[in-house]
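Here the structure comes first, spelled out in structure tokens, and everything after it is commentary.
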Amino acid sequence: EPAEVKETPFFDLVWRYRRDRSVDGNPLRLGDRSYRKGLGVHSRCELTYALDGAYRRFLADVGIDEEVGEKGNVDVAVLVDGQVRFERKAVTGRDAPLPVAVDVAGAKRLTLRVDFGRDFDICDHADWAKARLIR
């Protein structure tokens, strides 16, 4: 479970993150692939996990869930102890899932950030699919 959750709406509606489901409650789907495990989020969302130096790697596939088709536009980042270790701007529903592999050896905190892209927050249903920490 995240130690800290920050969900900031562009307008008024807050979309809560979900475990193992998209933010609409559907199975996680990136491209033509479905995932049993992962996190469904909506922009702007930051999930911060306490690692306490117990892990070596963070792995995931990140992208816009198929439930919104080619829509959605987000900036994604992985921060380790406040420092950006992975970042992609303007991830859209037209893009293939992005593989994420980040070294977290000795880290105290891991933050998964999905930020507003070019289209405000319209259809920003992002998935951190198959998100996992490796000891």
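Residues in the structure tokens are named by chain (A, B, ... in the order shown) and by number from 1 within that chain; ligands are numbered from 1 in the order shown.
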
Got a sec: who's within 12 Å of Arg85 (chain A), counting only C-alpha atoms, leaving out chain neighbours fewer than 2 positions off, as number ranges by chain? A: 57-58, 76-83, 87-88, 100-104, 107, 110-113

Measuring between only C-alpha atoms, which one of A:Arg36, A:Arg132, A:Lys89, A:Arg109 shows the shortest distance to Gly63 (chain A)? A:Lys89

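Residue nearest Gly31 (chain A) within the list A:Asp115, A:Asp75, A:Asp65, A:Asp12: A:Asp65 [criterion: smallest interatomic distance, only C-alpha atoms].
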
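Among A:Arg44, A:Ser22, A:Pro99, A:Glu4, the residue with the shortest atom-to-atom distance to Ala60 (chain A), counting only C-alpha atoms, is A:Pro99.
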
Please return as a ChimeraX atom specification: the residues of region 33-93 of chain A that backbone DSSP assigns to strand (DSSP E). /A:33-35,38-42,45-50,57-64,73-80,83-92

Using only C-alpha atoms, can you tell me which of A:Asp61, A:Ser43, A:Arg94, A:Arg135 comes closest to Phe11 (chain A)?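 For Phe11 (chain A), the nearest of the given residues is A:Ser43.
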
Identify, on the basis of only C-alpha atoms, every residue whose closest approach to Val68 (chain A) does not exceed 12 Å; exclude the query and any residue fewer than 2 positions from it along the same chain; express the result as an MDAnalysis selection string. chainID A and resid 22:24 26 28:31 42 63:66 70:73 92:94 122:127

Compare A:Pro97, A:Ile134, A:Ala129, A:Ala105 by their minimum atom-to-atom distance to Lys37 (chain A), counting only C-alpha atoms, and give me the closest one.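 Checking each of A:Pro97, A:Ile134, A:Ala129, A:Ala105 against Lys37 (chain A), counting only C-alpha atoms, the winner is A:Ala129.
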
Between A:Gly53, A:Gly25, A:Gly117, A:Gly40, which residue has the minimum interatomic distance to Phe10 (chain A), considering only C-alpha atoms?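 Nearest to Phe10 (chain A): A:Gly117.
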